[in-house]
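*Asks:* My file is work.cif. It has mmCIF, C-alpha atoms and all ligand atoms:
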data_input
#
loop_
_atom_site.label_atom_id
_atom_site.label_comp_id
_atom_site.auth_asym_id
_atom_site.auth_seq_id
_atom_site.Cartn_x
_atom_site.Cartn_y
_atom_site.Cartn_z
CA MET F 1 23.71 104.01 135.96
CA ALA F 2 25.71 100.99 134.83
CA GLN F 3 24.94 99.33 138.18
CA VAL F 4 21.19 99.65 137.90
CA SER F 5 20.75 99.32 134.16
CA PRO F 6 23.86 97.71 132.74
CA HIS F 7 22.42 96.83 129.37
CA THR F 8 21.21 100.31 128.52
CA ALA F 9 23.97 102.23 130.27
CA ALA F 10 26.86 100.28 128.82
CA GLN F 11 25.80 100.31 125.19
CA SER F 12 27.92 102.14 122.67
CA ILE F 13 26.15 105.23 121.42
CA SER F 14 27.13 108.38 119.61
CA THR F 15 27.36 111.17 122.16
CA PHE F 16 26.72 113.87 119.56
CA THR F 17 23.68 114.53 117.40
CA ASP F 18 24.09 114.68 113.62
CA ASP F 19 23.78 118.46 113.73
CA GLU F 20 26.48 118.71 116.37
CA LEU F 21 28.82 116.45 114.39
CA ARG F 22 28.28 118.51 111.27
CA ALA F 23 29.04 121.70 113.18
CA ILE F 24 32.21 120.20 114.71
CA VAL F 25 33.58 118.94 111.41
CA GLN F 26 32.66 121.99 109.36
CA THR F 27 34.02 124.45 111.92
CA ALA F 28 37.29 122.55 112.35
CA HIS F 29 37.83 122.24 108.62
CA LYS F 30 37.00 125.90 108.07
CA LEU F 31 39.73 126.71 110.59
CA GLY F 32 42.12 124.38 108.76
CA VAL F 33 42.37 121.62 111.37
CA LYS F 34 41.45 117.94 111.42
CA VAL F 35 38.92 116.01 113.48
CA ALA F 36 39.66 112.75 115.29
CA ALA F 37 36.80 110.53 116.49
CA HIS F 38 37.40 108.08 119.31
CA THR F 39 34.87 105.33 118.92
CA ASP F 40 34.50 101.72 119.88
CA GLY F 41 32.42 101.25 116.82
CA HIS F 42 28.95 99.93 116.09
CA SER F 43 26.47 102.03 114.20
CA SER F 44 27.39 105.06 116.28
CA TRP F 45 29.71 106.26 113.58
CA GLU F 46 27.35 106.07 110.68
CA GLY F 47 28.47 108.67 108.17
CA LEU F 48 31.66 109.58 110.04
CA THR F 49 33.80 108.08 107.32
CA SER F 50 31.85 108.86 104.14
CA PRO F 51 34.10 110.93 101.89
CA GLY F 52 32.78 114.36 101.22
CA SER F 53 29.97 114.03 103.77
CA ALA F 54 29.52 116.94 106.11
CA HIS F 55 30.37 114.54 108.93
CA GLN F 56 33.55 113.02 107.56
CA VAL F 57 36.19 112.91 110.26
CA ASN F 58 39.89 112.56 109.49
CA SER F 59 40.70 109.70 111.80
CA VAL F 60 38.91 107.03 113.73
CA GLU F 61 40.80 105.88 116.81
CA HIS F 62 40.08 102.40 118.23
CA GLY F 63 37.36 100.86 116.06
CA TYR F 64 37.57 97.42 117.59
CA ASN F 65 35.01 95.78 115.34
CA ALA F 66 36.13 94.42 112.02
CA GLY F 67 32.96 95.56 110.30
CA ASP F 68 33.67 99.15 111.22
CA VAL F 69 37.21 98.99 109.92
CA PHE F 70 35.92 97.64 106.65
CA GLU F 71 33.59 100.60 106.50
CA VAL F 72 36.55 102.97 106.86
CA ALA F 73 38.39 101.04 104.18
CA ASN F 74 35.55 101.08 101.74
CA LYS F 75 34.45 104.63 102.21
CA GLY F 76 37.40 106.28 103.81
CA TYR F 77 39.51 107.11 100.83
CA ASP F 78 38.98 108.12 97.30
CA GLU F 79 41.64 110.02 95.35
CA ARG F 80 39.04 112.40 93.96
CA ASP F 81 37.82 113.40 97.37
CA GLY F 82 41.30 114.23 98.53
CA VAL F 83 41.12 113.79 102.27
CA PRO F 84 41.31 110.24 103.60
CA THR F 85 40.03 108.94 106.93
CA PHE F 86 42.76 107.10 108.81
CA TRP F 87 42.24 104.20 111.16
CA ILE F 88 44.33 104.36 114.35
CA PRO F 89 44.06 100.88 115.86
CA THR F 90 45.50 101.88 119.32
CA LEU F 91 46.59 98.29 119.92
CA SER F 92 48.98 99.20 122.72
CA VAL F 93 46.14 100.79 124.71
CA CYS F 94 43.97 97.68 124.33
CA TYR F 95 46.95 95.47 125.18
CA THR F 96 47.80 97.46 128.30
CA LEU F 97 44.29 97.95 129.64
CA GLY F 98 42.11 95.30 128.08
CA LYS F 99 43.76 91.92 128.54
CA ASP F 100 41.23 90.86 131.20
CA THR F 101 38.12 92.34 129.62
CA GLY F 102 38.33 90.77 126.17
CA LEU F 103 39.07 94.15 124.61
CA TRP F 104 42.58 93.13 123.57
CA GLN F 105 41.33 89.92 121.97
CA ARG F 106 38.70 91.89 120.02
CA ALA F 107 41.20 94.53 118.89
CA ALA F 108 43.78 91.91 117.92
CA SER F 109 41.35 89.87 115.87
CA THR F 110 40.03 92.99 114.12
CA PHE F 111 43.55 94.06 113.25
CA LYS F 112 44.43 90.60 111.94
CA GLN F 113 41.35 90.50 109.74
CA ALA F 114 42.01 94.00 108.45
CA ILE F 115 45.58 93.32 107.36
CA LYS F 116 44.61 89.98 105.82
CA ALA F 117 41.96 91.44 103.53
CA SER F 118 43.97 92.17 100.41
CA SER F 119 41.22 94.35 98.95
CA LEU F 120 41.43 96.60 101.95
CA ASN F 121 42.51 100.13 101.16
CA VAL F 122 42.59 101.21 104.76
CA ARG F 123 44.92 104.01 105.74
CA ILE F 124 46.54 103.13 109.05
CA ALA F 125 48.66 105.26 111.39
CA CYS F 126 50.18 104.65 114.82
CA GLY F 127 49.17 106.74 117.81
CA GLY F 128 46.20 107.80 119.84
CA ASP F 129 45.35 107.51 123.55
CA THR F 130 48.96 107.69 124.69
CA GLY F 131 48.90 107.85 128.46
CA PRO F 132 47.96 104.33 129.61
CA PHE F 133 51.63 103.38 129.08
CA PRO F 134 54.75 105.49 129.77
CA HIS F 135 56.05 107.87 127.11
CA GLY F 136 59.12 106.30 125.61
CA ASP F 137 57.38 102.94 125.24
CA ASN F 138 55.39 104.09 122.21
CA ALA F 139 57.14 101.55 119.97
CA LEU F 140 54.88 98.96 121.62
CA GLU F 141 52.26 99.85 118.99
CA MET F 142 54.58 98.85 116.16
CA LYS F 143 55.75 95.73 117.99
CA LEU F 144 52.16 94.54 118.42
CA MET F 145 51.32 95.23 114.78
CA VAL F 146 54.21 93.10 113.58
CA ARG F 147 53.41 90.43 116.21
CA LEU F 148 49.90 90.23 114.74
CA GLY F 149 51.25 89.65 111.25
CA ALA F 150 51.68 93.07 109.64
CA ASP F 151 54.58 93.64 107.27
CA TRP F 152 57.34 95.45 109.18
CA LYS F 153 58.05 97.87 106.35
CA ALA F 154 54.40 98.93 106.25
CA VAL F 155 54.44 99.29 110.02
CA LEU F 156 57.44 101.63 109.89
CA LYS F 157 55.53 103.79 107.43
CA TRP F 158 52.42 103.80 109.66
CA GLY F 159 54.63 104.97 112.51
CA THR F 160 56.27 107.77 110.53
CA LEU F 161 54.94 109.28 107.31
CA SER F 162 51.34 108.13 107.83
CA GLY F 163 51.36 109.96 111.15
CA TRP F 164 52.04 113.21 109.36
CA GLU F 165 49.52 112.50 106.61
CA CYS F 166 46.93 111.87 109.29
CA ILE F 167 47.43 114.94 111.46
CA ARG F 168 48.72 117.56 109.03
CA SER F 169 46.60 120.66 108.66
CA MET F 170 43.94 121.01 105.96
CA ARG F 171 46.34 123.34 104.17
CA TRP F 172 48.23 120.22 103.07
CA GLU F 173 45.13 118.61 101.58
CA GLY F 174 43.39 118.89 98.22
CA GLN F 175 44.87 120.49 95.14
CA THR F 176 46.46 123.38 97.09
CA GLY F 177 48.09 120.89 99.45
CA LYS F 178 49.45 118.80 96.58
CA GLU F 179 51.00 121.88 94.98
CA ARG F 180 52.48 122.90 98.32
CA LEU F 181 54.04 119.47 98.70
CA THR F 182 55.70 119.60 95.28
CA LYS F 183 57.53 122.76 96.39
CA VAL F 184 58.63 121.48 99.76
CA HIS F 185 62.24 121.06 98.57
CA GLU F 186 62.42 124.83 98.07
CA LEU F 187 62.66 125.06 101.88
CA ARG F 188 59.98 127.69 102.35
CA GLU F 189 58.33 125.63 105.09
CA ASP F 190 60.82 126.60 107.78
CA ALA F 191 59.38 126.24 111.30
CA ARG F 192 60.28 129.89 111.95
CA VAL F 193 57.93 130.86 109.13
CA VAL F 194 55.12 128.32 109.23
CA GLY F 195 55.35 127.20 112.89
CA ASP F 196 56.33 123.82 114.33
CA ASN F 197 53.08 122.10 113.50
CA GLU F 198 53.20 122.91 109.81
CA VAL F 199 56.58 121.36 109.03
CA PRO F 200 56.13 118.02 107.26
CA PHE F 201 57.75 114.99 108.91
CA GLY F 202 58.00 111.23 108.58
CA THR F 203 60.36 110.69 105.68
CA VAL F 204 63.95 111.54 104.86
CA ARG F 205 63.46 114.12 102.18
CA LYS F 206 64.61 117.68 101.55
CA GLY F 207 62.15 120.07 103.16
CA PHE F 208 60.88 117.57 105.74
CA ALA F 209 61.77 117.85 109.43
CA ALA F 210 65.21 116.34 110.15
CA ASP F 211 63.85 113.78 112.63
CA ILE F 212 66.01 110.66 112.41
CA ILE F 213 66.64 107.73 114.71
CA ALA F 214 69.04 104.82 114.22
CA THR F 215 68.85 101.37 115.73
CA SER F 216 71.62 98.91 116.43
CA GLY F 217 69.12 96.10 115.86
CA ASP F 218 68.03 94.13 112.82
CA LEU F 219 64.56 95.29 111.70
CA GLU F 220 64.04 92.39 109.35
CA LYS F 221 65.07 89.56 111.67
CA HIS F 222 64.29 90.91 115.16
CA PHE F 223 61.84 93.76 114.67
CA GLU F 224 60.66 94.07 118.28
CA GLU F 225 64.16 94.28 119.63
CA ALA F 226 65.22 96.69 116.88
CA VAL F 227 62.52 99.26 117.65
CA ASP F 228 62.87 98.93 121.41
CA LYS F 229 64.21 102.05 123.09
CA GLY F 230 67.22 100.05 124.33
CA SER F 231 68.37 99.58 120.73
CA ILE F 232 67.97 103.20 119.64
CA VAL F 233 71.53 104.53 119.47
CA PHE F 234 71.01 107.79 117.62
CA VAL F 235 68.27 110.42 117.91
CA MET F 236 67.97 113.63 115.93
CA LYS F 237 64.97 115.94 116.31
CA SER F 238 64.53 118.93 114.00
CA GLY F 239 68.19 118.70 113.04
CA LYS F 240 69.44 118.67 116.65
CA VAL F 241 71.23 115.54 117.91
CA TYR F 242 70.01 114.29 121.30
CA LYS F 243 71.65 110.87 121.38
CA ARG F 244 74.80 109.56 119.74
CA ASN F 245 76.48 106.16 120.10
CA GLY F 246 73.75 105.23 122.56
CA LEU F 247 74.53 108.14 124.89
CA GLU F 248 72.63 111.35 125.56
CA VAL F 249 74.39 114.35 124.06
ZN ZN F 301 40.19 106.97 122.99
#
Reformat the file's structure so that it appears as structure tokens.
Ligand SMILES: [Zn+2]
*Replies:*
Amino acid sequence: MAQVSPHTAAQSISTFTDDELRAIVQTAHKLGVKVAAHTDGHSSWEGLTSPGSAHQVNSVEHGYNAGDVFEVANKGYDERDGVPTFWIPTLSVCYTLGKDTGLWQRAASTFKQAIKASSLNVRIACGGDTGPFPHGDNALEMKLMVRLGADWKAVLKWGTLSGWECIRSMRWEGQTGKERLTKVHELREDARVVGDNEVPFGTVRKGFAADIIATSGDLEKHFEEAVDKGSIVFVMKSGKVYKRNGLEV
């Protein structure tokens, strides 16, 4: 259709009706899981990020247009509503696939504007659409964020704790979730009891998954080199060491 009617066929539209979106979000949340919406923006996501709305999704991946990101920022989080909507910029996907189409330029400029706006309360996390680049090169997302001007400490958080906050089950949200989190140090959240996907991760804290990596690089001075897989000398996943002194165990 794009060949015979490019203007109509190539426009960005929502592929679900409002009723369908409501059913998707309500059913997922009733079952305790989150909803991610992949969108390239425009008005197709009207309502997707309004807190408390029956449509509110938990993350928006891509969102290449600054205006849309500002919508997430303005509506996407309110302490009283409990569950934020995260923005997953997927820069590495745009960088890998969209350098010739203008997509990368659009994504980069949106990201730059978003991090520059000091009033912006946007929740960011790294991830989404992995596949266009090889697994193991996922640090590219963090490299690009820092290259575009983001603070490296914030970027490390987006690549760790924010990831968990974004994808954790609904049982970690709201008042019940907050209470659960305050008891996490009591070690009742063992994977053997709650299952792999319910164990919190992303920070070094008693009760969180023992996922730790160490770099031989200097994060402050040479961030890109420090997060590159060649500099990662130690890897521990769920308490098990997979790499030590730069060598596989
Ligand atoms: Zn996508």
*Asks:* Work out how far CA of Ile167 (chain F) is from CA of Glu189 (chain F), in Å to one decimal.
*Replies:*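 Separation of CA of Glu189 (chain F) and CA of Ile167 (chain F): 16.5 Å.
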*Asks:* Distance limit 7 Å, reference ligand ZN 301 (chain F), atoms considered: all atoms listed in the file. Which residues make the cut? Give them as JSON, numbers by chain.
*Replies:* {"F": [38, 39, 61, 62, 128, 129]}
*Asks:* For Val184 (chain F), work out the shell of residues within 8 Å, counting only C-alpha atoms and skipping chain neighbours fewer than 4 positions away, then give it as a list in words.
*Replies:* Arg180, Arg188, Glu189, Lys206, Gly207 and Phe208 of chain F
*Asks:* With the cut-off set at 9 Å and counting all atoms listed in the file, tabulate each residue of region 101-190 of chain F with an atom at most that distance from an atom of region 228-246 of chain F, showing the nearest atom pair and its distance in Å to one decimal, ordered by chain and increasing number, as a Markdown table.
*Replies:*
| residue | atom | partner | partner_atom | distance |
| --- | --- | --- | --- | --- |
| F:Gly136 | CA | F:Lys229 | CA | 7.1 |
| F:Asp137 | CA | F:Lys229 | CA | 7.2 |
| F:Ala139 | CA | F:Asp228 | CA | 6.5 |
| F:Leu140 | CA | F:Asp228 | CA | 8.0 |
| F:Lys143 | CA | F:Asp228 | CA | 8.5 |
*Asks:* Considering all atoms listed in the file, state which residue in the set F:Glu179, F:Val69, F:Ala214, F:Thr17 is at the smallest distance from Leu120 (chain F).
*Replies:*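 Between F:Glu179, F:Val69, F:Ala214, F:Thr17, the residue approaching Leu120 (chain F) most closely is F:Val69.
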*Asks:* One number please: CA of Gln56 (chain F) to CA of Ile88 (chain F), in Å, one decimal.
*Replies:*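 It comes out at 15.4 Å.
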*Asks:* Restricting the calculation to all atoms listed in the file: of F:His7, F:Ala23, F:Ile115, F:Gly159, which residue gets closest to Asn138 (chain F)?
*Replies:*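 Result for the nearest residue to Asn138 (chain F): F:Gly159.
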*Asks:* Do a neighbour search on Leu97 (chain F) at 12 Å with all atoms listed in the file, toss out local chain neighbours closer than 6 positions, and write the hits as a VMD selection string.
*Replies:* chain F and resid 90 to 91 103 to 105 107 129 to 133
*Asks:* Please, what is the axis-aligned box for every listed atom of region 113-124 of chain F with 5 Å on each side, as centre and edge lengths in Å to one decimal, as AutoDock Vina command-line options?
*Replies:*
--center_x 43.9 --center_y 97.0 --center_z 104.3 --size_x 15.3 --size_y 24.0 --size_z 20.8
*Asks:* Could you tell me how far CA of Asp40 (chain F) sits from CA of Thr96 (chain F), in Å to one decimal place?
*Replies:* 16.3 Å
*Asks:* Considering all atoms listed in the file, state which residue in the set F:Thr215, F:Thr8, F:Gln26, F:Thr203 is at the smallest distance from Asn58 (chain F).
*Replies:* F:Gln26
*Asks:* Nearest residue to Lys112 (chain F) out of F:Gly217, F:Pro84, F:Gly174, F:Pro89, using all atoms listed in the file?
*Replies:*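 Counting all atoms listed in the file, the residue closest to Lys112 (chain F) is F:Pro89.
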*Asks:* Compare F:Thr49, F:Leu21, F:Glu225, F:Asn121 by their minimum atom-to-atom distance to Gly63 (chain F), counting all atoms listed in the file, and give me the closest one.
*Replies:*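 The closest residue to Gly63 (chain F) is F:Thr49.
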*Asks:* So, counting all atoms listed in the file, which residue among F:Trp172, F:Phe16, F:Phe201, F:Tyr64 is closest to Lys157 (chain F)?
*Replies:* F:Phe201
*Asks:* Please provide as number ranges by chain all residues within 7 Å of Ala36 (chain F), with the sequence filter that same-chain residues fewer than 5 positions apart are discarded (counting all atoms listed in the file).
*Replies:* F: 57-60
